[in-house]
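Q: Just dropping this structure here.
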There are 2 protein chains.
Amino acid sequence: MKKILLIGAGRSTSSLVQYLLFNAENENWFITIADQTKDLASEAVGDHKLAKAIAFDVNNTEERERLVDEHDLIISMLPAHMHMSVARDCIKYKKHMATASYVSEEMKALNNEAKTAGIVIMNEIGVDPGIDHLSAMRVIDGIKDKGGDLKAFETFTGGLVAPECDNNPWNYKFTWNPRNVVLAGQGVCKFIQNNKYKYLPYHKLFRRTEIIDIEGYGKFEGYANRDSLQYREIYGLENIPTMFRGTLRKPGFCKAWHYFVKLGLTDDTYVMEDSENMTNREFINSFLPYNQNDSVELKFKHYFNIRQDDIEMYEKFVWLGIFEETKIGLKNATPAQILQHILEQKWTLEEDDKDMIVMWHRFRYVINGEDKEIHSSMVVKGDDQKFTAMAKTVGLPLAISVKMILNGTIATPGVHVPIIKEIYNPILDELENYGINFNEKEVTPTFY
Amino acid sequence: MKKILLIGAGRSTSSLVQYLLFNAENENWFITIADQTKDLASEAVGDHKLAKAIAFDVNNTEERERLVDEHDLIISMLPAHMHMSVARDCIKYKKHMATASYVSEEMKALNNEAKTAGIVIMNEIGVDPGIDHLSAMRVIDGIKDKGGDLKAFETFTGGLVAPECDNNPWNYKFTWNPRNVVLAGQGVCKFIQNNKYKYLPYHKLFRRTEIIDIEGYGKFEGYANRDSLQYREIYGLENIPTMFRGTLRKPGFCKAWHYFVKLGLTDDTYVMEDSENMTNREFINSFLPYNQNDSVELKFKHYFNIRQDDIEMYEKFVWLGIFEETKIGLKNATPAQILQHILEQKWTLEEDDKDMIVMWHRFRYVINGEDKEIHSSMVVKGDDQKFTAMAKTVGLPLAISVKMILNGTIATPGVHVPIIKEIYNPILDELENYGINFNEKEVTPTFY
């Protein structure tokens, strides 16, 4: 019997837990679910015979080491910065490990030790990072196998609200950590386009977007992620002339969000004077030029040159309540914290709302002197507030990789991200059973 | 005989040294000038009988303590972050100290120890900070003394090139640390306007400027300094409705500099790919959207909506050589370092060029129900490349304050900035002998 330790039983683990429990008997697994408090873990376990729940403090080294030693594979769903202590225990006790997080430099540095210990440490096996790697590498390898020369790879992912629950003028609700959404993109974005390195500063990020059309789901817009360059090496595309990674929103979101950036509302580096007693209206007014005759609304419109008939744009801001005299009530808050607070009143999913994960890749390549282009897209909707699209797309590839490590399909020891055929093919195949599949099609090549 | 130790004999100390040496005999001073290498110090001393030069390593604690102990007053012209070790020695050996730098929180925290030691630690007694405090406090106290209620205080200072040497389309040359000029204003600017706190993000800083007219010198434009709020308390203006501190340039500079900010050229947080082999033209192109048909010039014009007949604006960029295929040759450089490198080819003072310091204050107040407004301005030009306006305005108030500390006019122990009558009046009076004087005038109040 193989023993699996899952650390962290939060919201995003529902599909992961469901998969593990459902397959436990067949695969001969016993699953321990550990969380800070036993409640969450017990709820996850239910009355399953091949699983148990425990309360667990990850900072208790002795207990952590003992638990790692008692299991064959550890799944860490902890916040990313907490994976390292678990990883070091896994090396010490020669146990496999899997996480859905970005592989850190620190984690990469454990590669030789993991090899020596004979263990697999699998990372980036959720969604963005995860399913994006699997699905992109399948197409990239396919193009290379038939002798194609890849000229451009662009990839976008977005966590959005499902169209049937999309009932606000931003066409957006928080389906993931709101703080990360508010701070997204700060710093510089780097990418390469036709062999030219391009750098996009944050205050321009939401104005240089790309429009993407996904059959059956309409138009989306994509803005750049911070570093599009590092995956060239990982994907074996060192010399690709164009490489771009981005995030998807519904059209109109970025232009409006850009106004928040321009005003300085997403700044998290300083605390505002007397934020506790400020109202939404005063908050916005703090970033607008002084004018004793104009209302905050008029100054706002004037600042951004919003005309009277730009109703769709202006309505977004009115609907958020930013001009209202609603007291904020946050002590010593940064602009970003206040903005998040205002957005959370409006962008929180309602009880029956479903989320949606959208992914889209574009590959341009040349074969026998001919330009070719492939689009590949995936849309996954949540079933409900528990089995969200996010929980499914993060949890299922992770769970399947755990199965593959334990049954020896993934056997090469070391610190990995899932980019080889032997990993991505079986995972992508199995994901189709859960309605997670890619629509790949050849299209007429785009001209630049 | 009083013994003065001057630490640091760099370019900006010429007027300070001249004052100290000239007054040494009358005042019964002996002056030790210490610098990293003896050359600079010896050059400063010349053949003066009441002075000597020494080589000195400020990080050699034993030597530093011995030197401090041997003198009555220490002038630190070290970089600001190096004042603290000298200040601690001054407390230990009960010696006075003077600097032209902003008083740090760490320095302020020494106030009680300085009092106990019975020593004066005078800070911010150069120019911006320094002469601005002296001249502003004289007017502010004058208004208060006659019963006026101060409504607004705005103050601007700029280090510029003298009009007779102003021969480039930016009307600007580096007269001070180029790196500080390139990075100026990063972060958020805070000020208060008619009792409303206002926050201005960096990417908008150079577009919200104020035009200022100084009789005999024409128009200038001012952009906001980072923190205009802290001086409310120091100046005793806790409840003033409007307070604004800024930096002066000639009109047109800020709009053009704003383009650099918008492109992201002043970012100092990341290193560019292969910066060593990049040309000026490639540098600019890295920040412009890709377009295979348009030249870098055309993309630049298009990005900023510069029309064919905006010659004055466009000429600034052409003149800087940013579109040229000049190799940059800086390894692992940030955008800000590369921009500085390009600017230094063009904005460096020529041998016969003179600099100029411009300062301008506006005070609005109400007295007997009547609105009043006072403008106060100072323009100082350098004599040559040695006795620059910067050296005079930094060095002379500092030197005069040293005299006042040593002769007991400034006697209250503690950590100080020069904001009281007993300090600012004699210093401002004596500065007039050196051509540093303020033109104060009542004007018709401005409407907002």
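Going through the structure tokens in order, the chains are called A, B, and so on, while each chain numbers its residues from 1 and the ligands are numbered from 1 in the order shown.
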Counting only C-alpha atoms, which residues of chain B come no farther than 10 Å from chain A, as a PDB file with N, CA, C and O atoms, in the first residue's frame?
A:
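New file part.pdb:
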ATOM      1  N   GLY B 187       8.674  56.636  -7.101  1.00  0.00           N
ATOM      2  CA  GLY B 187       7.813  56.450  -5.928  1.00  0.00           C
ATOM      3  C   GLY B 187       6.622  57.386  -6.086  1.00  0.00           C
ATOM      4  O   GLY B 187       6.338  57.857  -7.180  1.00  0.00           O
ATOM      5  N   VAL B 188       5.950  57.683  -5.010  1.00  0.00           N
ATOM      6  CA  VAL B 188       4.771  58.541  -5.103  1.00  0.00           C
ATOM      7  C   VAL B 188       5.091  59.924  -4.544  1.00  0.00           C
ATOM      8  O   VAL B 188       5.936  60.059  -3.659  1.00  0.00           O
ATOM      9  N   LYS B 190       3.599  63.168  -2.515  1.00  0.00           N
ATOM     10  CA  LYS B 190       2.486  63.508  -1.629  1.00  0.00           C
ATOM     11  C   LYS B 190       2.485  64.999  -1.368  1.00  0.00           C
ATOM     12  O   LYS B 190       3.523  65.559  -1.049  1.00  0.00           O
ATOM     13  N   PHE B 191       1.316  65.620  -1.480  1.00  0.00           N
ATOM     14  CA  PHE B 191       1.216  67.011  -1.074  1.00  0.00           C
ATOM     15  C   PHE B 191      -0.207  67.273  -0.592  1.00  0.00           C
ATOM     16  O   PHE B 191      -1.040  66.362  -0.573  1.00  0.00           O
ATOM     17  N   ILE B 192      -0.460  68.499  -0.170  1.00  0.00           N
ATOM     18  CA  ILE B 192      -1.814  68.826   0.288  1.00  0.00           C
ATOM     19  C   ILE B 192      -2.244  70.101  -0.419  1.00  0.00           C
ATOM     20  O   ILE B 192      -1.454  71.041  -0.572  1.00  0.00           O
ATOM     21  N   GLN B 193      -3.469  70.111  -0.916  1.00  0.00           N
ATOM     22  CA  GLN B 193      -3.980  71.253  -1.665  1.00  0.00           C
ATOM     23  C   GLN B 193      -5.387  71.552  -1.165  1.00  0.00           C
ATOM     24  O   GLN B 193      -6.264  70.690  -1.202  1.00  0.00           O
ATOM     25  N   ASN B 194      -5.603  72.763  -0.668  1.00  0.00           N
ATOM     26  CA  ASN B 194      -6.882  73.149  -0.062  1.00  0.00           C
ATOM     27  C   ASN B 194      -7.443  72.064   0.859  1.00  0.00           C
ATOM     28  O   ASN B 194      -8.570  71.612   0.690  1.00  0.00           O
ATOM     29  N   LYS B 196      -6.941  68.988   0.927  1.00  0.00           N
ATOM     30  CA  LYS B 196      -7.090  67.644   0.360  1.00  0.00           C
ATOM     31  C   LYS B 196      -5.691  67.052   0.157  1.00  0.00           C
ATOM     32  O   LYS B 196      -4.859  67.669  -0.520  1.00  0.00           O
ATOM     33  N   TYR B 197      -5.475  65.885   0.712  1.00  0.00           N
ATOM     34  CA  TYR B 197      -4.231  65.191   0.412  1.00  0.00           C
ATOM     35  C   TYR B 197      -4.254  64.755  -1.038  1.00  0.00           C
ATOM     36  O   TYR B 197      -5.271  64.261  -1.531  1.00  0.00           O
ATOM     37  N   LYS B 198      -3.126  64.918  -1.700  1.00  0.00           N
ATOM     38  CA  LYS B 198      -3.031  64.524  -3.106  1.00  0.00           C
ATOM     39  C   LYS B 198      -1.817  63.620  -3.286  1.00  0.00           C
ATOM     40  O   LYS B 198      -0.755  63.887  -2.721  1.00  0.00           O
ATOM     41  N   TYR B 199      -2.006  62.589  -4.080  1.00  0.00           N
ATOM     42  CA  TYR B 199      -0.936  61.624  -4.346  1.00  0.00           C
ATOM     43  C   TYR B 199      -0.737  61.549  -5.856  1.00  0.00           C
ATOM     44  O   TYR B 199      -1.696  61.352  -6.598  1.00  0.00           O
ATOM     45  N   LEU B 200       0.505  61.702  -6.259  1.00  0.00           N
ATOM     46  CA  LEU B 200       0.793  61.767  -7.690  1.00  0.00           C
ATOM     47  C   LEU B 200       1.770  60.645  -8.027  1.00  0.00           C
ATOM     48  O   LEU B 200       2.916  60.657  -7.563  1.00  0.00           O
ATOM     49  N   PRO B 201       1.350  59.655  -8.832  1.00  0.00           N
ATOM     50  CA  PRO B 201       2.282  58.562  -9.136  1.00  0.00           C
ATOM     51  C   PRO B 201       3.373  59.040 -10.103  1.00  0.00           C
ATOM     52  O   PRO B 201       3.168  60.003 -10.855  1.00  0.00           O
ATOM     53  N   TYR B 202       4.479  58.368 -10.058  1.00  0.00           N
ATOM     54  CA  TYR B 202       5.664  58.742 -10.843  1.00  0.00           C
ATOM     55  C   TYR B 202       5.358  58.903 -12.328  1.00  0.00           C
ATOM     56  O   TYR B 202       5.830  59.845 -12.962  1.00  0.00           O
ATOM     57  N   HIS B 203       4.544  57.997 -12.876  1.00  0.00           N
ATOM     58  CA  HIS B 203       4.303  58.043 -14.326  1.00  0.00           C
ATOM     59  C   HIS B 203       3.406  59.214 -14.731  1.00  0.00           C
ATOM     60  O   HIS B 203       3.099  59.375 -15.909  1.00  0.00           O
ATOM     61  N   LYS B 204       2.954  60.020 -13.757  1.00  0.00           N
ATOM     62  CA  LYS B 204       2.185  61.227 -14.066  1.00  0.00           C
ATOM     63  C   LYS B 204       2.928  62.483 -13.606  1.00  0.00           C
ATOM     64  O   LYS B 204       2.506  63.605 -13.912  1.00  0.00           O
ATOM     65  N   ARG B 208       2.052  66.859 -14.553  1.00  0.00           N
ATOM     66  CA  ARG B 208       1.282  67.788 -13.727  1.00  0.00           C
ATOM     67  C   ARG B 208       2.248  68.813 -13.148  1.00  0.00           C
ATOM     68  O   ARG B 208       2.627  68.764 -11.992  1.00  0.00           O
ATOM     69  N   VAL B 261      10.039  58.561 -19.115  1.00  0.00           N
ATOM     70  CA  VAL B 261       9.367  57.829 -18.027  1.00  0.00           C
ATOM     71  C   VAL B 261       8.350  56.858 -18.607  1.00  0.00           C
ATOM     72  O   VAL B 261       8.275  55.692 -18.219  1.00  0.00           O
ATOM     73  N   LYS B 262       7.562  57.333 -19.577  1.00  0.00           N
ATOM     74  CA  LYS B 262       6.509  56.488 -20.158  1.00  0.00           C
ATOM     75  C   LYS B 262       7.089  55.279 -20.871  1.00  0.00           C
ATOM     76  O   LYS B 262       6.540  54.184 -20.805  1.00  0.00           O
ATOM     77  N   LEU B 263       8.197  55.469 -21.556  1.00  0.00           N
ATOM     78  CA  LEU B 263       8.817  54.329 -22.232  1.00  0.00           C
ATOM     79  C   LEU B 263       9.381  53.334 -21.218  1.00  0.00           C
ATOM     80  O   LEU B 263       9.500  52.154 -21.501  1.00  0.00           O
ATOM     81  N   GLY B 264       9.735  53.830 -20.026  1.00  0.00           N
ATOM     82  CA  GLY B 264      10.326  52.958 -19.004  1.00  0.00           C
ATOM     83  C   GLY B 264      11.840  53.086 -18.943  1.00  0.00           C
ATOM     84  O   GLY B 264      12.520  52.254 -18.350  1.00  0.00           O
ATOM     85  N   LEU B 265      12.390  54.156 -19.528  1.00  0.00           N
ATOM     86  CA  LEU B 265      13.850  54.297 -19.626  1.00  0.00           C
ATOM     87  C   LEU B 265      14.512  54.645 -18.297  1.00  0.00           C
ATOM     88  O   LEU B 265      15.732  54.569 -18.177  1.00  0.00           O
ATOM     89  N   ASP B 267      13.824  53.157 -15.451  1.00  0.00           N
ATOM     90  CA  ASP B 267      13.700  52.014 -14.532  1.00  0.00           C
ATOM     91  C   ASP B 267      15.099  51.518 -14.145  1.00  0.00           C
ATOM     92  O   ASP B 267      15.929  51.258 -15.006  1.00  0.00           O
ATOM     93  N   THR B 269      15.461  48.891 -11.912  1.00  0.00           N
ATOM     94  CA  THR B 269      15.230  47.670 -11.128  1.00  0.00           C
ATOM     95  C   THR B 269      15.600  46.381 -11.858  1.00  0.00           C
ATOM     96  O   THR B 269      15.533  45.324 -11.272  1.00  0.00           O
ATOM     97  N   TYR B 270      15.947  46.466 -13.135  1.00  0.00           N
ATOM     98  CA  TYR B 270      16.325  45.232 -13.835  1.00  0.00           C
ATOM     99  C   TYR B 270      17.400  45.533 -14.883  1.00  0.00           C
ATOM    100  O   TYR B 270      17.544  46.657 -15.334  1.00  0.00           O
ATOM    101  N   MET B 272      19.059  44.870 -18.608  1.00  0.00           N
ATOM    102  CA  MET B 272      18.578  44.550 -19.953  1.00  0.00           C
ATOM    103  C   MET B 272      19.418  43.436 -20.588  1.00  0.00           C
ATOM    104  O   MET B 272      20.613  43.332 -20.326  1.00  0.00           O
ATOM    105  N   GLU B 273      18.777  42.656 -21.448  1.00  0.00           N
ATOM    106  CA  GLU B 273      19.477  41.579 -22.162  1.00  0.00           C
ATOM    107  C   GLU B 273      20.555  42.188 -23.068  1.00  0.00           C
ATOM    108  O   GLU B 273      20.270  43.077 -23.851  1.00  0.00           O
ATOM    109  N   ASP B 274      21.766  41.686 -22.940  1.00  0.00           N
ATOM    110  CA  ASP B 274      22.875  42.030 -23.846  1.00  0.00           C
ATOM    111  C   ASP B 274      23.058  43.543 -24.005  1.00  0.00           C
ATOM    112  O   ASP B 274      23.272  44.041 -25.118  1.00  0.00           O
ATOM    113  N   GLU B 282      18.743  50.707 -30.684  1.00  0.00           N
ATOM    114  CA  GLU B 282      18.147  49.452 -30.217  1.00  0.00           C
ATOM    115  C   GLU B 282      17.565  49.615 -28.811  1.00  0.00           C
ATOM    116  O   GLU B 282      16.548  49.019 -28.476  1.00  0.00           O
ATOM    117  N   PHE B 283      18.244  50.422 -28.004  1.00  0.00           N
ATOM    118  CA  PHE B 283      17.758  50.708 -26.649  1.00  0.00           C
ATOM    119  C   PHE B 283      16.344  51.290 -26.710  1.00  0.00           C
ATOM    120  O   PHE B 283      15.412  50.781 -26.089  1.00  0.00           O
ATOM    121  N   ILE B 284      16.168  52.338 -27.502  1.00  0.00           N
ATOM    122  CA  ILE B 284      14.848  52.977 -27.632  1.00  0.00           C
ATOM    123  C   ILE B 284      13.835  51.999 -28.228  1.00  0.00           C
ATOM    124  O   ILE B 284      12.706  51.877 -27.752  1.00  0.00           O
ATOM    125  N   ASN B 285      14.270  51.253 -29.224  1.00  0.00           N
ATOM    126  CA  ASN B 285      13.361  50.317 -29.899  1.00  0.00           C
ATOM    127  C   ASN B 285      12.831  49.235 -28.957  1.00  0.00           C
ATOM    128  O   ASN B 285      11.726  48.731 -29.148  1.00  0.00           O
ATOM    129  N   SER B 286      13.627  48.881 -27.946  1.00  0.00           N
ATOM    130  CA  SER B 286      13.202  47.841 -26.990  1.00  0.00           C
ATOM    131  C   SER B 286      11.940  48.224 -26.234  1.00  0.00           C
ATOM    132  O   SER B 286      11.291  47.370 -25.646  1.00  0.00           O
ATOM    133  N   PHE B 287      11.626  49.516 -26.220  1.00  0.00           N
ATOM    134  CA  PHE B 287      10.481  49.979 -25.428  1.00  0.00           C
ATOM    135  C   PHE B 287       9.302  50.382 -26.317  1.00  0.00           C
ATOM    136  O   PHE B 287       8.280  50.819 -25.811  1.00  0.00           O
ATOM    137  N   LEU B 288       9.490  50.243 -27.625  1.00  0.00           N
ATOM    138  CA  LEU B 288       8.418  50.619 -28.555  1.00  0.00           C
ATOM    139  C   LEU B 288       7.723  49.370 -29.076  1.00  0.00           C
ATOM    140  O   LEU B 288       8.355  48.327 -29.229  1.00  0.00           O
ATOM    141  N   PRO B 289       6.425  49.453 -29.353  1.00  0.00           N
ATOM    142  CA  PRO B 289       5.721  48.284 -29.874  1.00  0.00           C
ATOM    143  C   PRO B 289       6.340  47.832 -31.200  1.00  0.00           C
ATOM    144  O   PRO B 289       6.825  48.655 -31.978  1.00  0.00           O
ATOM    145  N   TYR B 290       6.295  46.521 -31.433  1.00  0.00           N
ATOM    146  CA  TYR B 290       6.859  45.974 -32.652  1.00  0.00           C
ATOM    147  C   TYR B 290       6.036  46.387 -33.861  1.00  0.00           C
ATOM    148  O   TYR B 290       4.808  46.398 -33.817  1.00  0.00           O
ATOM    149  N   ASN B 291       6.726  46.760 -34.926  1.00  0.00           N
ATOM    150  CA  ASN B 291       6.068  47.028 -36.199  1.00  0.00           C
ATOM    151  C   ASN B 291       7.125  46.888 -37.273  1.00  0.00           C
ATOM    152  O   ASN B 291       8.075  47.660 -37.323  1.00  0.00           O
ATOM    153  N   GLN B 292       6.943  45.895 -38.157  1.00  0.00           N
ATOM    154  CA  GLN B 292       8.042  45.588 -39.069  1.00  0.00           C
ATOM    155  C   GLN B 292       8.215  46.607 -40.180  1.00  0.00           C
ATOM    156  O   GLN B 292       9.252  46.653 -40.822  1.00  0.00           O
ATOM    157  N   ASN B 293       7.219  47.450 -40.382  1.00  0.00           N
ATOM    158  CA  ASN B 293       7.301  48.401 -41.490  1.00  0.00           C
ATOM    159  C   ASN B 293       7.790  49.787 -41.082  1.00  0.00           C
ATOM    160  O   ASN B 293       8.242  50.548 -41.914  1.00  0.00           O
ATOM    161  N   PRO B 335      18.014  50.073 -17.585  1.00  0.00           N
ATOM    162  CA  PRO B 335      17.606  51.169 -18.464  1.00  0.00           C
ATOM    163  C   PRO B 335      18.086  52.528 -17.943  1.00  0.00           C
ATOM    164  O   PRO B 335      18.592  53.342 -18.711  1.00  0.00           O
ATOM    165  N   TYR B 448      -7.792  80.444  -7.443  1.00  0.00           N
ATOM    166  CA  TYR B 448      -7.754  79.012  -7.779  1.00  0.00           C
ATOM    167  C   TYR B 448      -9.120  78.563  -8.267  1.00  0.00           C
ATOM    168  O   TYR B 448     -10.132  79.028  -7.825  1.00  0.00           O
TER     169      TYR B 448
END
Q: Extract the full set of strand (DSSP E or B) residues from segment 308-395 of chain A according to DSSP on the backbone, and format it as a list in words.
A: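 Result set for segment 308-395 of chain A (strand (DSSP E or B)): Lys327, Thr348, Asp355, Met356, Ile357, Val358, Met359, Trp360, His361, Arg362, Phe363, Arg364, Tyr365, Val366, Ile367, Glu370, Asp371, Lys372, Glu373, Ile374, His375, Ser376, Ser377, Met378, Val379, Val380 and Lys381 of chain A.
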Q: Please provide as a PDB file with N, CA and C atoms, in the first residue's frame all residues within 12 Å of Asn111 of chain B, with the sequence filter that same-chain residues fewer than 4 positions apart are discarded (counting only C-alpha atoms).
A:
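Writing the result to out-v9.pdb gives the following:
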ATOM      1  N   ALA B  87      28.701  61.465  13.596  1.00  0.00           N
ATOM      2  CA  ALA B  87      27.809  62.057  14.609  1.00  0.00           C
ATOM      3  C   ALA B  87      27.982  61.356  15.960  1.00  0.00           C
ATOM      4  N   ARG B  88      28.122  60.036  15.932  1.00  0.00           N
ATOM      5  CA  ARG B  88      28.288  59.298  17.194  1.00  0.00           C
ATOM      6  C   ARG B  88      29.613  59.655  17.877  1.00  0.00           C
ATOM      7  N   ILE B  91      29.250  63.015  19.587  1.00  0.00           N
ATOM      8  CA  ILE B  91      28.585  62.909  20.889  1.00  0.00           C
ATOM      9  C   ILE B  91      29.557  62.381  21.936  1.00  0.00           C
ATOM     10  N   VAL B 103      18.319  65.758   7.350  1.00  0.00           N
ATOM     11  CA  VAL B 103      18.461  65.101   8.643  1.00  0.00           C
ATOM     12  C   VAL B 103      17.705  63.768   8.586  1.00  0.00           C
ATOM     13  N   SER B 104      18.420  62.684   8.843  1.00  0.00           N
ATOM     14  CA  SER B 104      17.782  61.365   8.782  1.00  0.00           C
ATOM     15  C   SER B 104      17.056  61.073  10.090  1.00  0.00           C
ATOM     16  N   GLU B 105      16.184  60.073  10.063  1.00  0.00           N
ATOM     17  CA  GLU B 105      15.492  59.657  11.282  1.00  0.00           C
ATOM     18  C   GLU B 105      16.512  59.242  12.347  1.00  0.00           C
ATOM     19  N   GLU B 106      17.545  58.559  11.873  1.00  0.00           N
ATOM     20  CA  GLU B 106      18.614  58.092  12.761  1.00  0.00           C
ATOM     21  C   GLU B 106      19.305  59.288  13.435  1.00  0.00           C
ATOM     22  N   MET B 107      19.541  60.327  12.636  1.00  0.00           N
ATOM     23  CA  MET B 107      20.193  61.520  13.174  1.00  0.00           C
ATOM     24  C   MET B 107      19.281  62.214  14.183  1.00  0.00           C
ATOM     25  N   LYS B 115      21.935  66.776  23.306  1.00  0.00           N
ATOM     26  CA  LYS B 115      21.650  67.729  24.378  1.00  0.00           C
ATOM     27  C   LYS B 115      22.482  67.424  25.617  1.00  0.00           C
ATOM     28  N   THR B 116      22.499  66.142  25.975  1.00  0.00           N
ATOM     29  CA  THR B 116      23.272  65.737  27.157  1.00  0.00           C
ATOM     30  C   THR B 116      24.754  66.065  26.971  1.00  0.00           C
ATOM     31  N   ALA B 117      25.245  65.853  25.762  1.00  0.00           N
ATOM     32  CA  ALA B 117      26.662  66.127  25.483  1.00  0.00           C
ATOM     33  C   ALA B 117      26.934  67.620  25.368  1.00  0.00           C
ATOM     34  N   GLY B 118      25.840  68.427  25.292  1.00  0.00           N
ATOM     35  CA  GLY B 118      26.006  69.883  25.174  1.00  0.00           C
ATOM     36  C   GLY B 118      26.524  70.319  23.813  1.00  0.00           C
ATOM     37  N   ILE B 119      26.246  69.535  22.776  1.00  0.00           N
ATOM     38  CA  ILE B 119      26.755  69.908  21.445  1.00  0.00           C
ATOM     39  C   ILE B 119      25.615  70.256  20.493  1.00  0.00           C
ATOM     40  N   VAL B 120      25.958  71.050  19.476  1.00  0.00           N
ATOM     41  CA  VAL B 120      25.039  71.392  18.391  1.00  0.00           C
ATOM     42  C   VAL B 120      25.334  70.482  17.202  1.00  0.00           C
ATOM     43  N   ILE B 121      24.306  69.801  16.678  1.00  0.00           N
ATOM     44  CA  ILE B 121      24.444  69.089  15.392  1.00  0.00           C
ATOM     45  C   ILE B 121      23.502  69.781  14.414  1.00  0.00           C
ATOM     46  N   MET B 122      24.081  70.605  13.548  1.00  0.00           N
ATOM     47  CA  MET B 122      23.279  71.389  12.604  1.00  0.00           C
ATOM     48  C   MET B 122      23.208  70.641  11.277  1.00  0.00           C
ATOM     49  N   ASN B 123      21.976  70.474  10.756  1.00  0.00           N
ATOM     50  CA  ASN B 123      21.766  69.784   9.477  1.00  0.00           C
ATOM     51  C   ASN B 123      21.019  70.685   8.506  1.00  0.00           C
ATOM     52  N   THR B 412      22.159  76.590  21.567  1.00  0.00           N
ATOM     53  CA  THR B 412      21.260  75.568  22.131  1.00  0.00           C
ATOM     54  C   THR B 412      21.680  74.183  21.644  1.00  0.00           C
ATOM     55  N   PRO B 413      22.028  73.285  22.570  1.00  0.00           N
ATOM     56  CA  PRO B 413      22.479  71.970  22.112  1.00  0.00           C
ATOM     57  C   PRO B 413      21.317  71.124  21.573  1.00  0.00           C
ATOM     58  N   GLY B 414      21.649  70.149  20.721  1.00  0.00           N
ATOM     59  CA  GLY B 414      20.630  69.274  20.137  1.00  0.00           C
ATOM     60  C   GLY B 414      20.844  69.098  18.646  1.00  0.00           C
ATOM     61  N   VAL B 415      19.967  68.305  18.028  1.00  0.00           N
ATOM     62  CA  VAL B 415      20.004  68.082  16.575  1.00  0.00           C
ATOM     63  C   VAL B 415      19.054  69.083  15.919  1.00  0.00           C
ATOM     64  N   HIS B 416      19.582  69.947  15.058  1.00  0.00           N
ATOM     65  CA  HIS B 416      18.807  71.074  14.537  1.00  0.00           C
ATOM     66  C   HIS B 416      18.672  71.101  13.026  1.00  0.00           C
ATOM     67  N   VAL B 417      17.589  71.772  12.565  1.00  0.00           N
ATOM     68  CA  VAL B 417      17.555  72.321  11.214  1.00  0.00           C
ATOM     69  C   VAL B 417      17.313  73.817  11.386  1.00  0.00           C
TER      70      VAL B 417
END
Q: Mind giving me the straight-line distance from atom CA of Val271 of chain A to atom CA of His258 of chain B in Å, one decimal?
A: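 Computing the Euclidean distance for atom CA of Val271 of chain A and atom CA of His258 of chain B yields 25.5 Å.
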Q: Could you pull out the residues in segment 149-359 of chain B that DSSP calls helix (DSSP H, G or I) from the backbone, as a PyMOL selection string?
A: chain B and resi 163-165+178-183+202-205+231-234+253-263+275-277+280-285+296-304+311-320+335-344
